file upload38.cif (mmCIF, C-alpha atoms)
data_work
loop_
_atom_site.label_atom_id
_atom_site.label_comp_id
_atom_site.auth_asym_id
_atom_site.auth_seq_id
_atom_site.Cartn_x
_atom_site.Cartn_y
_atom_site.Cartn_z
CA MET A 1 12.74 13.01 -21.44
CA GLU A 2 9.60 15.02 -22.12
CA SER A 3 7.38 12.19 -23.34
CA ALA A 4 5.43 9.97 -21.01
CA SER A 5 6.05 6.26 -20.98
CA PRO A 6 2.70 4.46 -20.72
CA VAL A 7 2.23 1.25 -18.80
CA VAL A 8 1.33 -1.78 -20.89
CA LYS A 9 -1.13 -4.17 -19.22
CA VAL A 10 -0.59 -7.89 -19.72
CA PRO A 11 -2.18 -10.94 -18.05
CA ALA A 12 -0.88 -11.39 -14.51
CA THR A 13 1.08 -14.43 -13.41
CA PRO A 14 0.71 -16.33 -10.12
CA GLU A 15 4.23 -15.22 -9.21
CA TYR A 16 3.24 -11.58 -9.66
CA VAL A 17 0.12 -12.01 -7.51
CA LEU A 18 2.19 -13.55 -4.72
CA ASP A 19 4.80 -10.78 -4.86
CA VAL A 20 2.11 -8.08 -4.68
CA LEU A 21 0.39 -9.69 -1.70
CA LEU A 22 3.60 -10.04 0.28
CA GLU A 23 4.78 -6.51 -0.48
CA GLN A 24 1.43 -4.83 0.11
CA SER A 25 1.04 -6.54 3.49
CA ARG A 26 4.57 -5.50 4.48
CA HIS A 27 3.89 -1.86 3.67
CA GLU A 28 0.35 -1.91 5.08
CA TRP A 29 1.30 -2.88 8.60
CA SER A 30 4.39 -0.68 8.65
CA LYS A 31 2.38 2.33 7.40
CA SER A 32 -0.74 1.85 9.51
CA LEU A 33 0.58 0.41 12.75
CA ASN A 34 4.26 1.42 12.64
CA LEU A 35 5.21 -2.20 13.17
CA SER A 36 8.89 -2.96 12.92
CA GLU A 37 9.87 -5.66 10.49
CA GLU A 38 9.45 -9.10 11.96
CA GLU A 39 11.23 -12.22 10.84
CA GLU A 40 10.00 -12.95 7.35
CA ILE A 41 8.02 -16.13 6.83
CA PRO A 42 9.19 -17.79 3.60
CA VAL A 43 6.36 -18.33 1.14
CA THR A 44 6.45 -20.00 -2.27
CA LEU A 45 3.71 -20.99 -4.67
CA ASP A 46 3.93 -24.53 -3.31
CA SER A 47 3.48 -23.45 0.32
CA PRO A 48 0.23 -24.24 2.15
CA LEU A 49 -2.28 -21.43 1.70
CA ASP A 50 -2.41 -20.79 5.45
CA THR A 51 1.30 -19.94 5.33
CA LEU A 52 0.58 -17.06 2.95
CA PHE A 53 -2.12 -15.64 5.19
CA GLU A 54 0.17 -15.95 8.20
CA ALA A 55 2.98 -14.16 6.36
CA CYS A 56 0.54 -11.38 5.42
CA GLN A 57 -0.81 -11.25 9.00
CA LEU A 58 -4.34 -12.01 7.85
CA TYR A 59 -5.95 -14.26 10.44
CA ASP A 60 -9.67 -14.03 9.69
CA SER A 61 -11.72 -14.78 6.58
CA ALA A 62 -13.33 -11.32 6.60
CA VAL A 63 -9.94 -9.62 6.96
CA ILE A 64 -8.49 -11.80 4.20
CA SER A 65 -11.32 -10.74 1.90
CA ILE A 66 -11.07 -7.01 2.67
CA PHE A 67 -7.31 -6.65 2.31
CA THR A 68 -6.84 -9.04 -0.61
CA LYS A 69 -9.45 -7.19 -2.66
CA ASP A 70 -7.92 -3.84 -1.73
CA TRP A 71 -4.30 -4.82 -2.39
CA LEU A 72 -5.04 -6.50 -5.72
CA GLY A 73 -7.87 -4.28 -6.95
CA LEU A 74 -10.39 -7.11 -7.16
CA SER A 75 -14.12 -6.51 -7.44
CA GLU A 76 -16.70 -8.26 -5.29
CA SER A 77 -17.64 -10.52 -8.19
CA ASP A 78 -13.99 -11.36 -8.85
CA TRP A 79 -13.50 -12.30 -5.22
CA ALA A 80 -16.67 -14.40 -5.19
CA GLN A 81 -15.32 -16.40 -8.12
CA VAL A 82 -11.93 -16.81 -6.47
CA VAL A 83 -13.34 -18.34 -3.28
CA SER A 84 -16.02 -20.44 -4.97
CA GLY A 85 -15.43 -23.82 -6.53
CA SER A 86 -13.08 -26.52 -5.30
CA GLN A 87 -11.10 -26.03 -2.11
CA MET A 88 -7.70 -24.37 -2.44
CA HIS A 89 -4.80 -26.00 -0.64
CA THR A 90 -1.67 -24.23 -1.85
CA VAL A 91 -0.60 -20.67 -2.56
CA ARG A 92 -0.44 -21.63 -6.23
CA ASP A 93 -4.13 -22.62 -6.23
CA PHE A 94 -5.04 -19.24 -4.75
CA CYS A 95 -2.77 -17.10 -6.92
CA GLU A 96 -3.71 -18.87 -10.15
CA ARG A 97 -7.39 -18.15 -9.58
CA ILE A 98 -6.60 -14.49 -8.96
CA ALA A 99 -4.12 -14.13 -11.83
CA VAL A 100 -6.72 -14.88 -14.51
CA ARG A 101 -8.83 -12.00 -13.17
CA MET A 102 -6.21 -9.24 -13.16
CA THR A 103 -3.38 -7.75 -15.17
CA MET A 104 0.20 -6.76 -14.41
CA PRO A 105 2.09 -3.68 -15.63
CA VAL A 106 4.91 -3.82 -18.15
CA ILE A 107 7.08 -0.76 -18.78
CA SER A 108 7.58 0.38 -22.37
CA LEU A 109 11.30 0.33 -23.07
CA GLU A 110 12.25 3.71 -24.50
CA THR A 111 15.23 4.60 -26.68
CA PHE A 112 17.46 7.57 -25.86
CA ILE A 113 20.22 8.67 -28.25
CA GLY A 114 20.00 5.36 -30.05
CA ARG A 115 20.16 3.20 -26.93
CA THR A 116 17.52 1.72 -24.67
CA CYS A 117 17.66 2.68 -21.01
CA ARG A 118 15.65 0.83 -18.38
CA PRO A 119 16.08 3.32 -15.50
CA ALA A 120 15.04 6.22 -17.77
CA SER A 121 12.04 4.24 -19.01
CA ALA A 122 11.09 3.46 -15.41
CA PHE A 123 11.39 7.15 -14.50
CA LEU A 124 9.08 8.20 -17.34
CA THR A 125 6.57 5.56 -16.32
CA ILE A 126 6.63 6.65 -12.67
CA ARG A 127 6.09 10.24 -13.72
CA SER A 128 3.29 9.17 -16.05
CA LEU A 129 1.52 7.32 -13.23
CA LEU A 130 1.72 10.41 -11.03
CA GLN A 131 0.41 12.60 -13.84
CA GLU A 132 -2.51 10.26 -14.51
CA ALA A 133 -3.46 10.64 -10.84
CA GLY A 134 -3.60 14.42 -11.21
CA VAL A 135 -0.17 15.28 -9.81
CA ASP A 136 1.70 18.23 -11.33
CA VAL A 137 4.87 16.61 -12.67
CA ALA A 138 6.31 19.62 -14.49
CA GLU A 139 9.10 20.04 -11.95
CA ILE A 140 9.87 16.35 -11.44
CA ALA A 141 13.30 15.35 -12.77
CA PRO A 142 15.49 12.34 -11.96
CA SER A 143 17.34 14.44 -9.37
CA THR A 144 14.13 15.59 -7.64
CA ALA A 145 13.89 14.54 -4.00
CA LEU A 146 11.23 11.96 -3.18
CA SER A 147 10.37 13.34 0.25
CA LYS A 148 7.76 15.91 -0.75
CA MET A 149 5.96 13.65 -3.20
CA THR A 150 5.93 10.59 -0.96
CA ARG A 151 4.45 12.64 1.89
CA ARG A 152 1.67 14.03 -0.29
CA HIS A 153 0.97 10.99 -2.45
CA LEU A 154 2.01 8.00 -0.38
CA ASP A 155 -0.81 5.81 -1.70
CA LEU A 156 0.45 6.25 -5.26
CA PHE A 157 3.95 5.12 -4.32
CA LEU A 158 2.62 2.14 -2.36
CA GLY A 159 0.07 1.32 -5.04
CA PRO A 160 0.66 1.62 -8.80
CA ILE A 161 4.33 2.59 -8.52
CA ALA A 162 5.23 -0.24 -6.14
CA LYS A 163 3.31 -2.68 -8.35
CA LEU A 164 5.67 -1.96 -11.25
CA ALA A 165 8.18 -4.19 -9.45
CA PRO A 166 6.56 -5.77 -6.38
CA GLY A 167 8.97 -6.76 -3.65
CA VAL A 168 11.74 -4.36 -4.60
CA LEU A 169 10.87 -1.30 -2.48
CA PRO A 170 12.29 -1.13 1.05
CA THR A 171 9.64 -1.25 3.75
CA VAL A 172 8.08 2.18 4.12
CA GLN A 173 8.72 4.11 7.32
CA VAL A 174 6.05 6.69 8.09
CA LYS A 175 6.36 9.30 10.81
CA ARG A 176 3.07 10.96 11.64
CA PRO A 177 2.21 13.94 13.86
CA VAL A 178 2.25 13.14 17.58
CA TRP A 179 -1.51 13.52 17.79
CA ASP A 180 -2.31 11.28 14.86
CA THR A 181 -5.31 9.04 14.31
CA ASN A 182 -3.91 6.13 16.32
CA TRP A 183 -3.14 8.20 19.41
CA ILE A 184 -6.43 10.08 19.40
CA GLY A 185 -8.41 6.92 18.68
CA THR A 186 -6.72 5.16 21.59
CA ALA A 187 -7.42 8.13 23.86
CA ALA A 188 -11.08 8.08 22.84
CA ILE A 189 -11.42 4.38 23.62
CA LEU A 190 -9.72 4.70 27.02
CA TYR A 191 -11.77 7.78 27.83
CA TYR A 192 -14.98 5.93 27.00
CA LEU A 193 -14.09 2.80 28.95
CA LEU A 194 -12.72 4.52 32.06
CA LEU A 195 -14.88 7.61 32.46
CA GLY A 196 -18.08 6.54 30.74
CA PRO A 197 -19.40 4.41 33.63
CA LEU A 198 -18.42 7.10 36.16
CA SER A 199 -20.28 9.87 34.32
CA VAL A 200 -23.59 8.02 34.58
CA GLY A 201 -23.59 8.29 38.35
CA TYR A 202 -23.19 12.08 38.31
CA GLY A 203 -26.39 12.96 36.53
CA THR A 204 -27.47 14.01 33.06
CA ALA A 205 -25.22 17.07 32.82
CA ALA A 206 -22.08 15.06 33.56
CA TYR A 207 -23.10 12.37 31.09
CA LEU A 208 -23.79 14.92 28.34
CA LEU A 209 -20.41 16.55 28.99
CA PHE A 210 -18.76 13.15 28.77
CA MET A 211 -20.46 12.39 25.44
CA PHE A 212 -19.51 15.82 24.08
CA VAL A 213 -15.81 15.30 24.86
CA PHE A 214 -15.96 11.75 23.51
CA GLY A 215 -17.53 13.01 20.28
CA CYS A 216 -14.79 15.63 19.91
CA LEU A 217 -12.12 12.95 20.25
CA VAL A 218 -13.77 10.78 17.61
CA LEU A 219 -14.10 13.72 15.20
CA ALA A 220 -10.46 14.65 15.82
CA ALA A 221 -9.38 11.09 15.03
CA TYR A 222 -11.20 11.20 11.69
CA ALA A 223 -9.79 14.66 10.91
CA THR A 224 -6.18 13.61 11.47
CA LYS A 225 -6.68 10.55 9.28
CA GLU A 226 -6.38 12.73 6.17
CA ARG A 227 -3.28 14.64 7.30
CA ASN A 228 -0.04 14.11 5.44
CA PRO A 229 2.73 12.33 7.33
CA VAL A 230 5.61 14.35 8.74
CA ARG A 231 8.14 12.11 7.00
CA VAL A 232 8.09 9.11 4.66
CA ARG A 233 11.16 7.04 3.90
CA PHE A 234 11.86 4.04 1.71
CA GLY A 235 15.21 2.89 3.07
CA ASN A 236 18.05 4.81 1.43
CA LEU A 237 16.04 6.02 -1.56
CA ARG A 238 16.31 9.79 -1.76
CA THR A 239 15.62 10.86 -5.36
CA PHE A 240 13.51 9.77 -8.30
CA ARG A 241 16.71 8.50 -9.89
CA ASP A 242 17.27 6.16 -6.93
CA LEU A 243 13.69 4.93 -7.20
CA SER A 244 13.84 4.49 -10.98
CA GLU A 245 17.08 2.53 -10.85
CA LEU A 246 15.66 0.23 -8.19
CA ILE A 247 12.39 -0.32 -10.06
CA ALA A 248 14.35 -1.05 -13.26
CA GLN A 249 16.16 -3.94 -11.59
CA ARG A 250 13.01 -6.03 -11.28
CA ALA A 251 10.26 -4.55 -13.44
CA ALA A 252 9.10 -6.20 -16.65
CA PHE A 253 9.91 -4.31 -19.86
CA GLN A 254 8.57 -4.46 -23.38
CA ALA A 255 10.26 -2.96 -26.42
#
call {"tool": "encode", "arguments": {"input": "upload38.cif", "output": "structure tokens"}}
result
Amino acid sequence: MESASPVVKVPATPEYVLDVLLEQSRHEWSKSLNLSEEEEIPVTLDSPLDTLFEACQLYDSAVISIFTKDWLGLSESDWAQVVSGSQMHTVRDFCERIAVRMTMPVISLETFIGRTCRPASAFLTIRSLLQEAGVDVAEIAPSTALSKMTRRHLDLFLGPIAKLAPGVLPTVQVKRPVWDTNWIGTAAILYYLLLGPLSVGYGTAAYLLFMFVFGCLVLAAYATKERNPVRVRFGNLRTFRDLSELIAQRAAFQA
């Protein structure tokens, strides 16, 4: 298994677009806000479009634009074309307009000892995607634990790797340091709201001290944003073999 298995790009389908949106939203809110899984809202291509946005927890046109473009890799011009034209009523209307402007990955089905093997092909493709992103994959084997790689390269696992078979990965669980961005950001906001008005009444020196501490909290929040999580888990997946076998169950393959 020394060769890399490239990803073949083919025109996307509305079904693929829908699967990506639902999965990316699920991982996004679990990763960013540590939200526990809520009751899933069923969405099909024939559902009203508002149902999709509700399921993805997108409740504002600006938020819909930002996250949809990010999750699907759409450009500003692509998005402008999606939302222009006749009004969209169903999820199918929305996903069809997006599908013609993007591609979906298909895994090249490799042959090993005279037989094709989907999990092995998926493994080579996963390793190839990591390598293309600049990750040293020399030591990655099917038995390699996922923990180290998912901590260091979470965006790759939630992005191109997850998109090999959208909907199949368990919801990501991310444990961050105690003083992570969310905690420090919250502390900065509370500090500003509670002590800011009080500092004004104690003169310039007190106000400058207040602003200095507030600035330190804001800088600390930005600094912790780039720190790796303490732990990342995808359900019971522990090794690259587990991940490859799961991806192989739902990914599209091409001989």
call {"tool": "resolve_selection", "arguments": {"input": "upload38.cif", "expression": "the PyMOL selection byres ((chain A and resi 154) around 10)", "output": "ChimeraX atom specification"}}
result
/A:31,147-153,155-159,172,174,228-229,232
call {"tool": "resolve_selection", "arguments": {"input": "upload38.cif", "expression": "the PyMOL selection byres ((chain A and resi 78-90) around 9)", "output": "VMD selection string"}}
result
chain A and resid 45 to 52 65 68 to 69 74 to 77 91 to 95 97 to 98 101
call {"tool": "closest_residue", "arguments": {"input": "upload38.cif", "among": "A:Arg233, A:Ile140, A:Ala12, A:Ser121", "to": "A:Lys175", "atoms": "only C-alpha atoms"}}
result
A:Arg233
call {"tool": "closest_residue", "arguments": {"input": "upload38.cif", "among": "A:Leu58, A:Val10, A:Ala145, A:Pro160", "to": "A:Leu130", "atoms": "all atoms listed in the file"}}
result
A:Pro160
call {"tool": "atom_distance", "arguments": {"input": "upload38.cif", "atom1": "atom CA of A:Pro14", "atom2": "atom CA of A:Gln249"}}
result
19.9 Å
